[in-house]
Amino acid sequence: MSKLLSWLLGGRKPAASHLLLAPAAAWLLIFLVLPAAWLVALSFAKNGAYGEVIWSLGLQNYRRAFDAKYIPVLLRTLGFAGATTALCLLLGYPLAYFLSFRAGKWRGALIIGLMVPFWTSALVAFYSWMIILGKEGLLNSALLRFGFISAPIGILYTPFSVLLGLVYFYLPFTVLPLYGSLEKVPRSYIEAAYDLGAGRWTAFLKVTLPLSLPGVIAGALLTFIPCLGDFLTAELLGGPRFYLLGNLISNQFLMAQDWPFGAALTSLLLIGLVAGLWAYRRWEPDA
Amino acid sequence: MKKGKGLALYCAGLYAFLYVPLAVMVVFSFNNAHRNVVWLGFTVKWYAALFKDAELMNAMLTSLELAAAAAAIAAVLGLLAAYALVRHKPFRGREGYAALLDAPLMMPEVALGVGLLSFLVRAGYELDFGALACAHALICLPYTVGAVRARLKSAGNERLEEAAMDLGADEWTAFLRVTLPLAMPAIVSGCLLAFTVSFEDFVTSFFLAGIGIVTLPIKIYSMMKFGVTPEVNALSVVLLAATFALLGLNAWLASRSGEASRA
């Protein structure tokens, strides 16, 4: 027995490595790879009159995803993911810069401080935004009290509140890779730029910013890709009629009972994900 | 020009943006008023009401059991996988395994949820606690693998194992007496992260909970549908406090073992 275990742990034969990895790999195969493959297969099937699946294969679900009714949802999802990414980069870059160059002894605490919202349940975070943004919420009460408005205005359940929620939730996803790449910028290069007569702005624009570009790309992708599949933000902050791709997918499975169409939408999401990761991989080696 | 004063102020503002909502929720969970925005005095009655709610206590129990099951599965699978990835001599397919093990991090939760839902239903499997625990173990796996991998990779440990074997221990004995005790802080840390991930997961549970299973986040969600109420405030604070406690415990253990954990 202990001979066998020693053989497994010693790992001199590849078979031992495969055996040790087999349980985890099987888990991923059964609960991730097979369901994803199953969805792709399902996306070519047809939906029956009673929500049953009819296996006459074709592209009808994909054609439907791109017809006039659903194009706006796809475009809106791309738009919100793009806007969230842009805002997170713009808002987050100065913070990452501060953490890397200026924070000094506070750095550790500030980075942990950034991790906490990252780990906080999105459900709880968005609930607290509901308290603030609602018709009888804090923001409306404050605006009323100071006379900026005469009646409560709709802030919650608007595209604005969805964008706010997305930026709130994904900001740490953007800042941490930005910080990581700023940490790698050799300080001597910046010193050299100063020595050669560059001002602070010139040194930043010509040295720091270009050298931190890998972090910008990584941060952008780590924000953009999860945003494409985001479900909870619009569900909680967007109100019942506001759809992003994730909500449309969820609806096909839980309400409309059109699984093949939902599977096609999910496949489109997965294609976007794989394309994004592939582009990142292609780009990464020369970083 | 004062160097970086404006930048520091800007960053303070950004942190306020991140924390003010959470602070507001905590403050108003102690507010003695049904309308959330007027402060009418301090009370803990909303918390007291939570503990009297049997359904809620059940949801709490379900979430705890689920997180424990998911973390346990993820810990065992993750330990074996991380050991093979770090300690074994390079073999064909190692990169592939590593990429596969990180895949749950990139997979959109909606895709995972609807994929598993339709796959399990098609396979004739009734959605039950076991199915949900398996799905949670999947999303927890990258965290346990990551934590243990980082620890095993850190310098010095490998030499201790070699020393044990030079002294006549076989691989199994060296694993039990040297590797496992050395990896223990990372295993605990990975378990805590996994527990946190499972405990506060909403989206995966939302799609897979079937009919009878109500976790704490699902309960919060269904209460939220009726709008902002002080009870939901208190319940959200409980979930938030649990997260803080788990992360704090993790940080404390990490500082004791002198090892940065992957969070």
# chains A, B, ... in the order shown; residues from 1 in each chain; ligands from 1
>>> residues_around(residues="Lys5 in chain B", least_positions_apart="6", cutoff="12 Å", atoms="only C-alpha atoms", output="PyMOL selection string")
(chain A and resi 98+102-103) or (chain B and resi 11-12)
>>> interface_residues(of="chain B", to="chain A", cutoff="6 Å", atoms="only C-alpha atoms", output="PDB file with C-alpha atoms, in the first residue's frame")
ATOM      1  CA  CYS B  11      -7.996  57.963  -3.853  1.00  0.00           C
ATOM      2  CA  PRO B  21     -22.685  51.813   0.661  1.00  0.00           C
ATOM      3  CA  MET B  25     -26.278  49.393   5.246  1.00  0.00           C
ATOM      4  CA  VAL B  37     -33.693  56.903   5.549  1.00  0.00           C
ATOM      5  CA  LEU B  77      -9.068  17.509  -5.078  1.00  0.00           C
ATOM      6  CA  LEU B  80      -3.767  16.180  -4.978  1.00  0.00           C
ATOM      7  CA  ALA B  81      -3.765  18.325  -8.106  1.00  0.00           C
ATOM      8  CA  ALA B  84       1.236  16.735  -8.868  1.00  0.00           C
ATOM      9  CA  HIS B  88       6.190  15.883 -10.049  1.00  0.00           C
ATOM     10  CA  PHE B  91       5.095  15.755 -17.839  1.00  0.00           C
ATOM     11  CA  PRO B 108     -19.379  33.322 -16.494  1.00  0.00           C
ATOM     12  CA  ALA B 111     -23.190  30.044 -18.352  1.00  0.00           C
ATOM     13  CA  GLY B 115     -25.201  24.669 -18.473  1.00  0.00           C
ATOM     14  CA  LEU B 116     -25.311  22.536 -15.340  1.00  0.00           C
ATOM     15  CA  PHE B 119     -27.187  19.092 -18.387  1.00  0.00           C
ATOM     16  CA  GLU B 171       7.760   9.290  -0.483  1.00  0.00           C
ATOM     17  CA  TRP B 172       4.611   8.451   1.452  1.00  0.00           C
ATOM     18  CA  GLU B 200     -21.833  33.971  -0.427  1.00  0.00           C
ATOM     19  CA  SER B 236     -27.042  41.450   4.745  1.00  0.00           C
TER      20      SER B 236
END
>>> atom_distance(atom1="CA of Gly113 in chain B", atom2="CA of Leu101 in chain B")
17.9 Å
>>> residues_around(residues="Gly190 in chain B", least_positions_apart="4", cutoff="12 Å", atoms="only C-alpha atoms", output="short mmCIF file (atom, residue, chain, number, x, y, z; two decimals) with C-alpha atoms, in the first residue's frame")
data_model
loop_
_atom_site.label_atom_id
_atom_site.label_comp_id
_atom_site.auth_asym_id
_atom_site.auth_seq_id
_atom_site.Cartn_x
_atom_site.Cartn_y
_atom_site.Cartn_z
CA ALA B 70 -17.84 22.30 -1.13
CA ALA B 71 -14.68 23.38 0.72
CA ALA B 72 -13.93 19.79 1.80
CA ILE B 73 -14.25 18.42 -1.73
CA ALA B 74 -12.26 21.29 -3.20
CA ALA B 75 -9.55 20.85 -0.56
CA VAL B 76 -8.96 17.15 -1.28
CA LEU B 77 -9.07 17.51 -5.08
CA GLY B 78 -7.00 20.68 -4.90
CA LEU B 79 -4.29 19.18 -2.69
CA ALA B 82 -1.47 21.01 -6.70
CA CYS B 140 -14.09 26.73 -5.16
CA LEU B 141 -11.46 24.49 -6.73
CA PRO B 142 -9.24 27.25 -8.23
CA TYR B 143 -8.86 28.79 -4.77
CA THR B 144 -7.67 25.63 -3.01
CA VAL B 145 -5.37 24.68 -5.91
CA GLY B 146 -3.96 28.21 -5.98
CA ALA B 147 -3.30 28.40 -2.25
CA VAL B 148 -1.60 24.98 -2.01
CA ARG B 149 0.41 25.47 -5.22
CA ALA B 150 1.83 28.75 -3.96
CA ARG B 151 2.84 27.16 -0.65
CA ALA B 183 1.26 22.64 3.44
CA MET B 184 -1.31 22.73 6.24
CA PRO B 185 -1.54 26.55 6.56
CA ALA B 186 -2.19 26.78 2.81
CA ALA B 194 -13.42 28.21 -0.70
CA PHE B 195 -15.85 28.38 2.20
CA THR B 196 -16.28 32.13 1.64
CA VAL B 197 -16.83 31.70 -2.10
CA LEU B 246 -13.49 34.50 7.32
CA LEU B 247 -11.10 36.84 5.52
CA LEU B 249 -9.19 34.62 10.06
CA ASN B 250 -7.39 33.86 6.81
CA ALA B 251 -5.19 36.95 7.09
CA LEU B 253 -3.41 32.56 9.89
CA ALA B 254 -1.32 33.82 6.98
CA ALA B 260 1.08 35.47 1.88
CA SER B 261 -2.07 33.70 0.81
CA ARG B 262 -3.66 34.08 -2.54
CA ALA B 263 -6.86 36.03 -2.24
#
>>> atom_distance(atom1="CA of Leu105 in chain B", atom2="CA of Trp278 in chain A")
15.8 Å
>>> closest_residue(among="B:Tyr15, B:Phe244, B:Phe206, B:Phe226", to="Val114 in chain B", atoms="only C-alpha atoms")
B:Phe206
>>> residues_around(residues="Phe160 in chain A", least_positions_apart="2", cutoff="12 Å", atoms="only C-alpha atoms", output="ChimeraX atom specification")
/A:80,83-84,133,154-158,162-167,233-234,237-239,242
>>> closest_residue(among="A:Ser188, A:Phe44, A:Phe204, A:Leu248", to="Glu235 in chain A", atoms="only C-alpha atoms")
A:Leu248
>>> closest_residue(among="A:Ala192, A:Leu57, A:Val175, A:Ala275", to="Thr85 in chain A", atoms="only C-alpha atoms")
A:Val175
>>> atom_distance(atom1="CA of Ala133 in chain B", atom2="CA of Leu117 in chain B")
13.4 Å
>>> residues_around(residues="Glu52 in chain A", least_positions_apart="4", cutoff="9 Å", atoms="only C-alpha atoms", output="list of chain:residue names")
A:Lys46, A:Asn47, A:Gly48, A:Gln257, A:Asp258, A:Trp259
>>> write_last_selection(atoms="N, CA and C atoms", output="mmCIF file, in the first residue's frame")
data_model
loop_
_atom_site.group_PDB
_atom_site.id
_atom_site.type_symbol
_atom_site.label_atom_id
_atom_site.label_comp_id
_atom_site.auth_asym_id
_atom_site.auth_seq_id
_atom_site.Cartn_x
_atom_site.Cartn_y
_atom_site.Cartn_z
ATOM 1 N N LYS A 46 -34.002 22.515 -31.793
ATOM 2 C CA LYS A 46 -35.200 23.336 -31.943
ATOM 3 C C LYS A 46 -36.038 23.244 -30.684
ATOM 4 N N ASN A 47 -36.766 24.313 -30.389
ATOM 5 C CA ASN A 47 -37.644 24.301 -29.238
ATOM 6 C C ASN A 47 -39.042 23.865 -29.651
ATOM 7 N N GLY A 48 -39.590 22.859 -28.950
ATOM 8 C CA GLY A 48 -40.923 22.389 -29.280
ATOM 9 C C GLY A 48 -41.994 23.295 -28.700
ATOM 10 N N GLN A 257 -38.655 29.113 -21.046
ATOM 11 C CA GLN A 257 -38.487 27.682 -21.325
ATOM 12 C C GLN A 257 -38.131 27.418 -22.771
ATOM 13 N N ASP A 258 -37.273 28.284 -23.315
ATOM 14 C CA ASP A 258 -36.737 28.029 -24.647
ATOM 15 C C ASP A 258 -35.246 27.746 -24.487
ATOM 16 N N TRP A 259 -34.939 26.501 -24.107
ATOM 17 C CA TRP A 259 -33.559 26.164 -23.795
ATOM 18 C C TRP A 259 -32.632 26.258 -25.004
#
>>> closest_residue(among="B:Cys134, B:Leu100, B:Leu192, B:Leu235", to="Leu56 in chain B", atoms="only C-alpha atoms")
B:Leu235
>>> select_by_dssp(residues="range 119-204 of chain A", states="helix (DSSP H, G or I)", output="PyMOL selection string")
chain A and resi 119+122-133+138-145+159-183+187-195+200-204
